[in-house]
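Engineer: File name data.pdb; file contents PDB, N, CA and C atoms; full text below.
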ATOM      1  N   MET V 954     155.533 -47.338  62.581
ATOM      2  CA  MET V 954     155.818 -46.730  63.851
ATOM      3  C   MET V 954     156.239 -45.288  63.584
ATOM      4  N   SER V 955     155.659 -44.382  64.312
ATOM      5  CA  SER V 955     155.944 -42.971  64.085
ATOM      6  C   SER V 955     157.252 -42.573  64.755
ATOM      7  N   MET V 956     157.791 -41.468  64.300
ATOM      8  CA  MET V 956     159.041 -40.961  64.859
ATOM      9  C   MET V 956     158.855 -40.547  66.323
ATOM     10  N   ARG V 957     157.643 -40.113  66.649
ATOM     11  CA  ARG V 957     157.387 -39.700  68.033
ATOM     12  C   ARG V 957     157.487 -40.892  68.982
ATOM     13  N   ARG V 958     156.943 -42.036  68.562
ATOM     14  CA  ARG V 958     157.019 -43.234  69.402
ATOM     15  C   ARG V 958     158.465 -43.698  69.559
ATOM     16  N   VAL V 959     159.225 -43.608  68.481
ATOM     17  CA  VAL V 959     160.632 -43.995  68.545
ATOM     18  C   VAL V 959     161.378 -43.082  69.507
ATOM     19  N   ALA V 960     161.125 -41.777  69.420
ATOM     20  CA  ALA V 960     161.798 -40.820  70.298
ATOM     21  C   ALA V 960     161.412 -41.054  71.758
ATOM     22  N   VAL V 961     160.141 -41.318  72.014
ATOM     23  CA  VAL V 961     159.692 -41.577  73.385
ATOM     24  C   VAL V 961     160.318 -42.863  73.906
ATOM     25  N   GLY V 962     160.380 -43.889  73.078
ATOM     26  CA  GLY V 962     161.007 -45.148  73.491
ATOM     27  C   GLY V 962     162.474 -44.969  73.832
ATOM     28  N   CYS V 963     163.192 -44.204  73.010
ATOM     29  CA  CYS V 963     164.606 -43.937  73.288
ATOM     30  C   CYS V 963     164.761 -43.151  74.588
ATOM     31  N   ALA V 964     163.887 -42.172  74.810
ATOM     32  CA  ALA V 964     163.959 -41.378  76.036
ATOM     33  C   ALA V 964     163.705 -42.251  77.260
ATOM     34  N   VAL V 965     162.754 -43.175  77.172
ATOM     35  CA  VAL V 965     162.460 -44.073  78.296
ATOM     36  C   VAL V 965     163.677 -44.934  78.611
ATOM     37  N   VAL V 966     164.336 -45.451  77.570
ATOM     38  CA  VAL V 966     165.514 -46.294  77.787
ATOM     39  C   VAL V 966     166.640 -45.490  78.428
ATOM     40  N   VAL V 967     166.859 -44.265  77.960
ATOM     41  CA  VAL V 967     167.923 -43.432  78.512
ATOM     42  C   VAL V 967     167.644 -43.095  79.970
ATOM     43  N   PHE V 968     166.428 -42.675  80.277
ATOM     44  CA  PHE V 968     166.105 -42.320  81.655
ATOM     45  C   PHE V 968     166.132 -43.535  82.583
ATOM     46  N   ALA V 969     165.718 -44.705  82.080
ATOM     47  CA  ALA V 969     165.797 -45.917  82.900
ATOM     48  C   ALA V 969     167.254 -46.265  83.199
ATOM     49  N   GLY V 970     168.125 -46.089  82.220
ATOM     50  CA  GLY V 970     169.545 -46.342  82.435
ATOM     51  C   GLY V 970     170.150 -45.368  83.420
ATOM     52  N   MET V 971     169.717 -44.112  83.345
ATOM     53  CA  MET V 971     170.233 -43.116  84.281
ATOM     54  C   MET V 971     169.740 -43.388  85.698
ATOM     55  N   ALA V 972     168.526 -43.879  85.824
ATOM     56  CA  ALA V 972     167.985 -44.169  87.150
ATOM     57  C   ALA V 972     168.677 -45.382  87.763
ATOM     58  N   ALA V 973     169.090 -46.323  86.935
ATOM     59  CA  ALA V 973     169.725 -47.533  87.442
ATOM     60  C   ALA V 973     171.228 -47.357  87.637
ATOM     61  N   ALA V 974     171.803 -46.265  87.165
ATOM     62  CA  ALA V 974     173.255 -46.060  87.260
ATOM     63  C   ALA V 974     173.768 -46.099  88.696
ATOM     64  N   PRO V 975     173.097 -45.473  89.675
ATOM     65  CA  PRO V 975     173.609 -45.579  91.051
ATOM     66  C   PRO V 975     173.619 -47.014  91.570
ATOM     67  N   ALA V 976     172.671 -47.814  91.143
ATOM     68  CA  ALA V 976     172.647 -49.207  91.582
ATOM     69  C   ALA V 976     173.817 -49.975  90.994
ATOM     70  N   TRP V 977     174.197 -49.675  89.760
ATOM     71  CA  TRP V 977     175.330 -50.345  89.135
ATOM     72  C   TRP V 977     176.631 -49.915  89.806
ATOM     73  N   ALA V 978     176.726 -48.673  90.202
ATOM     74  CA  ALA V 978     177.953 -48.143  90.771
ATOM     75  C   ALA V 978     178.132 -48.545  92.232
ATOM     76  N   ALA V 979     177.130 -49.106  92.867
ATOM     77  CA  ALA V 979     177.208 -49.425  94.289
ATOM     78  C   ALA V 979     178.231 -50.515  94.578
ATOM     79  N   THR V 980     178.538 -51.380  93.627
ATOM     80  CA  THR V 980     179.459 -52.478  93.879
ATOM     81  C   THR V 980     180.880 -52.139  93.481
ATOM     82  N   TYR V 981     181.144 -50.926  93.052
ATOM     83  CA  TYR V 981     182.491 -50.557  92.649
ATOM     84  C   TYR V 981     183.002 -49.447  93.518
ATOM     85  N   PRO V 982     184.131 -49.397  93.990
ATOM     86  CA  PRO V 982     185.198 -50.396  93.929
ATOM     87  C   PRO V 982     184.916 -51.548  94.880
ATOM     88  N   PRO V 983     185.504 -52.694  94.620
ATOM     89  CA  PRO V 983     185.223 -53.844  95.485
ATOM     90  C   PRO V 983     185.730 -53.596  96.905
ATOM     91  N   VAL V 984     184.982 -54.108  97.849
ATOM     92  CA  VAL V 984     185.325 -53.929  99.258
ATOM     93  C   VAL V 984     186.311 -55.025  99.649
ATOM     94  N   GLY V 985     187.333 -54.664 100.370
ATOM     95  CA  GLY V 985     188.302 -55.659 100.828
ATOM     96  C   GLY V 985     189.710 -55.170 100.585
ATOM     97  N   PRO V 986     190.672 -55.974 100.999
ATOM     98  CA  PRO V 986     192.062 -55.551 100.841
ATOM     99  C   PRO V 986     192.480 -55.560  99.376
ATOM    100  N   SER V 987     193.413 -54.706  99.059
ATOM    101  CA  SER V 987     193.935 -54.641  97.700
ATOM    102  C   SER V 987     194.838 -55.842  97.453
ATOM    103  N   PRO V 988     194.819 -56.381  96.254
ATOM    104  CA  PRO V 988     195.727 -57.490  95.965
ATOM    105  C   PRO V 988     197.160 -56.969  95.870
ATOM    106  N   THR V 989     198.099 -57.767  96.311
ATOM    107  CA  THR V 989     199.503 -57.378  96.230
ATOM    108  C   THR V 989     200.106 -57.980  94.968
ATOM    109  N   THR V 990     200.999 -57.239  94.365
ATOM    110  CA  THR V 990     201.645 -57.719  93.152
ATOM    111  C   THR V 990     203.146 -57.659  93.327
ATOM    112  N   SER V 991     203.830 -58.515  92.613
ATOM    113  CA  SER V 991     205.284 -58.488  92.608
ATOM    114  C   SER V 991     205.759 -58.702  91.178
ATOM    115  N   VAL V 992     206.904 -58.132  90.883
ATOM    116  CA  VAL V 992     207.459 -58.226  89.542
ATOM    117  C   VAL V 992     208.790 -58.940  89.633
ATOM    118  N   GLU V 993     208.934 -59.967  88.827
ATOM    119  CA  GLU V 993     210.183 -60.692  88.781
ATOM    120  C   GLU V 993     210.884 -60.344  87.473
ATOM    121  N   GLY V 994     212.130 -59.975  87.550
ATOM    122  CA  GLY V 994     212.877 -59.617  86.347
ATOM    123  C   GLY V 994     213.303 -60.864  85.587
ATOM    124  N   VAL V 995     212.993 -60.907  84.305
ATOM    125  CA  VAL V 995     213.384 -62.017  83.453
ATOM    126  C   VAL V 995     214.064 -61.438  82.227
ATOM    127  N   LYS V 996     215.223 -61.961  81.876
ATOM    128  CA  LYS V 996     215.934 -61.478  80.702
ATOM    129  C   LYS V 996     215.512 -62.299  79.500
ATOM    130  N   VAL V 997     215.034 -61.598  78.461
ATOM    131  CA  VAL V 997     214.577 -62.246  77.242
ATOM    132  C   VAL V 997     215.466 -61.773  76.105
ATOM    133  N   THR V 998     215.965 -62.715  75.326
ATOM    134  CA  THR V 998     216.795 -62.341  74.180
ATOM    135  C   THR V 998     216.033 -62.603  72.899
ATOM    136  N   LYS V 999     216.153 -61.663  71.973
ATOM    137  CA  LYS V 999     215.486 -61.815  70.675
ATOM    138  C   LYS V 999     216.411 -62.563  69.732
ATOM    139  N   PRO V1000     215.853 -63.459  68.925
ATOM    140  CA  PRO V1000     216.689 -64.123  67.929
ATOM    141  C   PRO V1000     217.100 -63.128  66.841
ATOM    142  N   VAL V1001     218.222 -63.350  66.258
ATOM    143  CA  VAL V1001     218.721 -62.475  65.199
ATOM    144  C   VAL V1001     217.885 -62.707  63.946
ATOM    145  N   GLN V1002     217.404 -61.623  63.369
ATOM    146  CA  GLN V1002     216.584 -61.746  62.176
ATOM    147  C   GLN V1002     217.411 -61.363  60.960
ATOM    148  N   VAL V1003     217.276 -62.161  59.925
ATOM    149  CA  VAL V1003     218.007 -61.921  58.684
ATOM    150  C   VAL V1003     217.120 -61.099  57.766
ATOM    151  N   GLN V1004     217.667 -60.022  57.220
ATOM    152  CA  GLN V1004     216.915 -59.176  56.296
ATOM    153  C   GLN V1004     216.794 -59.880  54.941
ATOM    154  N   PRO V1005     215.614 -59.799  54.306
ATOM    155  CA  PRO V1005     215.477 -60.406  52.977
ATOM    156  C   PRO V1005     216.332 -59.646  51.965
ATOM    157  N   SER V1006     216.636 -60.318  50.873
ATOM    158  CA  SER V1006     217.531 -59.731  49.882
ATOM    159  C   SER V1006     216.888 -58.561  49.136
ATOM    160  N   ASN V1007     215.570 -58.607  48.904
ATOM    161  CA  ASN V1007     214.925 -57.482  48.218
ATOM    162  C   ASN V1007     214.540 -56.416  49.244
ATOM    163  N   SER V1008     214.532 -55.175  48.828
ATOM    164  CA  SER V1008     214.273 -54.089  49.774
ATOM    165  C   SER V1008     212.867 -53.507  49.632
ATOM    166  N   SER V1009     211.957 -54.183  48.944
ATOM    167  CA  SER V1009     210.601 -53.653  48.797
ATOM    168  C   SER V1009     209.779 -53.976  50.044
ATOM    169  N   LEU V1010     208.824 -53.122  50.308
ATOM    170  CA  LEU V1010     207.954 -53.322  51.457
ATOM    171  C   LEU V1010     206.855 -54.312  51.117
ATOM    172  N   PRO V1011     206.375 -55.079  52.082
ATOM    173  CA  PRO V1011     205.281 -56.008  51.811
ATOM    174  C   PRO V1011     203.972 -55.259  51.601
ATOM    175  N   PHE V1012     203.086 -55.827  50.809
ATOM    176  CA  PHE V1012     201.776 -55.225  50.558
ATOM    177  C   PHE V1012     200.860 -55.592  51.710
ATOM    178  N   THR V1013     200.424 -54.589  52.470
ATOM    179  CA  THR V1013     199.573 -54.841  53.627
ATOM    180  C   THR V1013     198.211 -54.183  53.502
ATOM    181  N   GLY V1014     197.932 -53.519  52.400
ATOM    182  CA  GLY V1014     196.680 -52.786  52.252
ATOM    183  C   GLY V1014     195.628 -53.598  51.526
ATOM    184  N   ALA V1015     194.630 -52.907  51.044
ATOM    185  CA  ALA V1015     193.544 -53.525  50.306
ATOM    186  C   ALA V1015     193.316 -52.734  49.028
ATOM    187  N   ASP V1016     192.561 -53.321  48.135
ATOM    188  CA  ASP V1016     192.242 -52.649  46.889
ATOM    189  C   ASP V1016     191.117 -51.652  47.161
ATOM    190  N   ILE V1017     191.492 -50.410  47.409
ATOM    191  CA  ILE V1017     190.529 -49.384  47.810
ATOM    192  C   ILE V1017     189.528 -49.109  46.697
ATOM    193  N   ALA V1018     189.958 -49.133  45.458
ATOM    194  CA  ALA V1018     189.047 -48.862  44.345
ATOM    195  C   ALA V1018     187.934 -49.899  44.283
ATOM    196  N   ALA V1019     188.260 -51.160  44.472
ATOM    197  CA  ALA V1019     187.240 -52.212  44.426
ATOM    198  C   ALA V1019     186.273 -52.098  45.602
ATOM    199  N   ILE V1020     186.786 -51.797  46.777
ATOM    200  CA  ILE V1020     185.925 -51.655  47.950
ATOM    201  C   ILE V1020     185.002 -50.454  47.791
ATOM    202  N   THR V1021     185.522 -49.349  47.260
ATOM    203  CA  THR V1021     184.698 -48.159  47.029
ATOM    204  C   THR V1021     183.619 -48.439  45.997
ATOM    205  N   ALA V1022     183.988 -49.116  44.919
ATOM    206  CA  ALA V1022     182.999 -49.453  43.884
ATOM    207  C   ALA V1022     181.911 -50.358  44.449
ATOM    208  N   LEU V1023     182.288 -51.310  45.275
ATOM    209  CA  LEU V1023     181.302 -52.196  45.898
ATOM    210  C   LEU V1023     180.370 -51.409  46.821
ATOM    211  N   GLY V1024     180.910 -50.461  47.587
ATOM    212  CA  GLY V1024     180.078 -49.631  48.458
ATOM    213  C   GLY V1024     179.103 -48.770  47.682
ATOM    214  N   VAL V1025     179.579 -48.149  46.591
ATOM    215  CA  VAL V1025     178.703 -47.317  45.764
ATOM    216  C   VAL V1025     177.610 -48.166  45.128
ATOM    217  N   ALA V1026     177.963 -49.360  44.646
ATOM    218  CA  ALA V1026     176.962 -50.246  44.044
ATOM    219  C   ALA V1026     175.929 -50.694  45.072
ATOM    220  N   THR V1027     176.355 -50.939  46.304
ATOM    221  CA  THR V1027     175.431 -51.348  47.358
ATOM    222  C   THR V1027     174.466 -50.219  47.711
ATOM    223  N   VAL V1028     174.978 -48.991  47.804
ATOM    224  CA  VAL V1028     174.116 -47.839  48.087
ATOM    225  C   VAL V1028     173.133 -47.630  46.939
ATOM    226  N   ALA V1029     173.588 -47.779  45.712
ATOM    227  CA  ALA V1029     172.696 -47.623  44.560
ATOM    228  C   ALA V1029     171.610 -48.691  44.556
ATOM    229  N   ALA V1030     171.972 -49.926  44.853
ATOM    230  CA  ALA V1030     170.979 -51.004  44.900
ATOM    231  C   ALA V1030     169.957 -50.753  46.007
ATOM    232  N   GLY V1031     170.394 -50.259  47.148
ATOM    233  CA  GLY V1031     169.462 -49.939  48.225
ATOM    234  C   GLY V1031     168.523 -48.815  47.850
ATOM    235  N   THR V1032     169.039 -47.799  47.156
ATOM    236  CA  THR V1032     168.197 -46.686  46.707
ATOM    237  C   THR V1032     167.145 -47.177  45.725
ATOM    238  N   VAL V1033     167.560 -48.029  44.792
ATOM    239  CA  VAL V1033     166.602 -48.583  43.821
ATOM    240  C   VAL V1033     165.546 -49.407  44.541
ATOM    241  N   ALA V1034     165.930 -50.190  45.522
ATOM    242  CA  ALA V1034     164.966 -51.011  46.256
ATOM    243  C   ALA V1034     163.952 -50.143  46.999
ATOM    244  N   VAL V1035     164.394 -49.046  47.595
ATOM    245  CA  VAL V1035     163.479 -48.150  48.305
ATOM    246  C   VAL V1035     162.523 -47.482  47.327
ATOM    247  N   VAL V1036     163.033 -47.026  46.191
ATOM    248  CA  VAL V1036     162.177 -46.366  45.203
ATOM    249  C   VAL V1036     161.131 -47.336  44.672
ATOM    250  N   VAL V1037     161.527 -48.558  44.363
ATOM    251  CA  VAL V1037     160.580 -49.552  43.854
ATOM    252  C   VAL V1037     159.526 -49.873  44.903
ATOM    253  N   ALA V1038     159.935 -50.014  46.156
ATOM    254  CA  ALA V1038     158.972 -50.323  47.224
ATOM    255  C   ALA V1038     157.985 -49.182  47.416
ATOM    256  N   ARG V1039     158.436 -47.947  47.338
ATOM    257  CA  ARG V1039     157.536 -46.812  47.499
ATOM    258  C   ARG V1039     156.545 -46.717  46.334
ATOM    259  N   ARG V1040     157.019 -46.998  45.147
ATOM    260  CA  ARG V1040     156.112 -46.955  43.985
ATOM    261  C   ARG V1040     155.054 -48.035  44.067
ATOM    262  N   ARG V1041     155.413 -49.199  44.563
ATOM    263  CA  ARG V1041     154.425 -50.275  44.696
ATOM    264  C   ARG V1041     153.382 -49.938  45.729
ATOM    265  N   ARG V1042     153.758 -49.202  46.776
ATOM    266  CA  ARG V1042     152.806 -48.822  47.823
ATOM    267  C   ARG V1042     152.028 -47.572  47.446
ATOM    268  N   GLY V1043     152.424 -46.903  46.391
ATOM    269  CA  GLY V1043     151.721 -45.704  45.974
ATOM    270  C   GLY V1043     152.215 -44.440  46.632
ATOM    271  N   GLU V1044     153.400 -44.444  47.190
ATOM    272  CA  GLU V1044     153.965 -43.274  47.837
ATOM    273  C   GLU V1044     154.923 -42.591  46.860
ATOM    274  N   HIS V1045     154.403 -41.820  45.947
ATOM    275  CA  HIS V1045     155.243 -41.151  44.952
ATOM    276  C   HIS V1045     155.782 -39.847  45.540
ATOM    277  N   THR V1046     157.020 -39.891  46.006
ATOM    278  CA  THR V1046     157.624 -38.672  46.543
ATOM    279  C   THR V1046     158.931 -38.403  45.864
TER     280      THR V1046
END
With the file now loaded, output its structure as structure tokens.
Structural biologist:
Amino acid sequence: MSMRRVAVGCAVVVFAGMAAAPAWAATYPPVGPSPTTSVEGVKVTKPVQVQPSNSSLPFTGADIAAITALGVATVAAGTVAVVVARRRRGEHT
């Protein structure tokens, strides 16, 4: 599929969405009386929390080095797959 066909297809979808936008907006805001709301005050007490004896912070992160290495390896594998596929088809670029 050529880039021109992809661009034309995207343009058709965008223009169709723009043409249908007034139809989507016709039902908003809903017609009728507004709902009434009331707020009741409720007193909530928090339980007393005991601090742990150690003062270190919990580990909440991830191993960034491993995730980065996995991402780089995935990109490298994808590049190798594309190069091999192009060579098999005879597209030496």
Engineer: Can you measure atom C of Gly1043 (chain V) to CA of Val1028 (chain V) for me? One decimal in Å is fine.
Structural biologist: 22.2 Å
Engineer: Go ahead and compute the interatomic distance for CA of Val1036 (chain V) and CA of Met956 (chain V), in Å to one decimal.
Structural biologist: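 Between CA of Val1036 (chain V) and CA of Met956 (chain V) the gap works out to 20.6 Å.
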Engineer: Let me have the centre and edge lengths in Å, one decimal, of the box along x, y and z around every listed atom of region 1022-1033 of chain V with 3 Å of margin on each side, as lines of an AutoDock Vina configuration file.
Structural biologist:
center_x = 174.8
center_y = -49.4
center_z = 46.1
size_x = 24.4
size_y = 11.5
size_z = 10.6
Engineer: Quick check, in Å to one decimal: how far apart do atom N of Gly970 (chain V) and atom C of Arg958 (chain V) lie?
Structural biologist: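 Result for atom N of Gly970 (chain V) versus atom C of Arg958 (chain V): 16.1 Å, one decimal.
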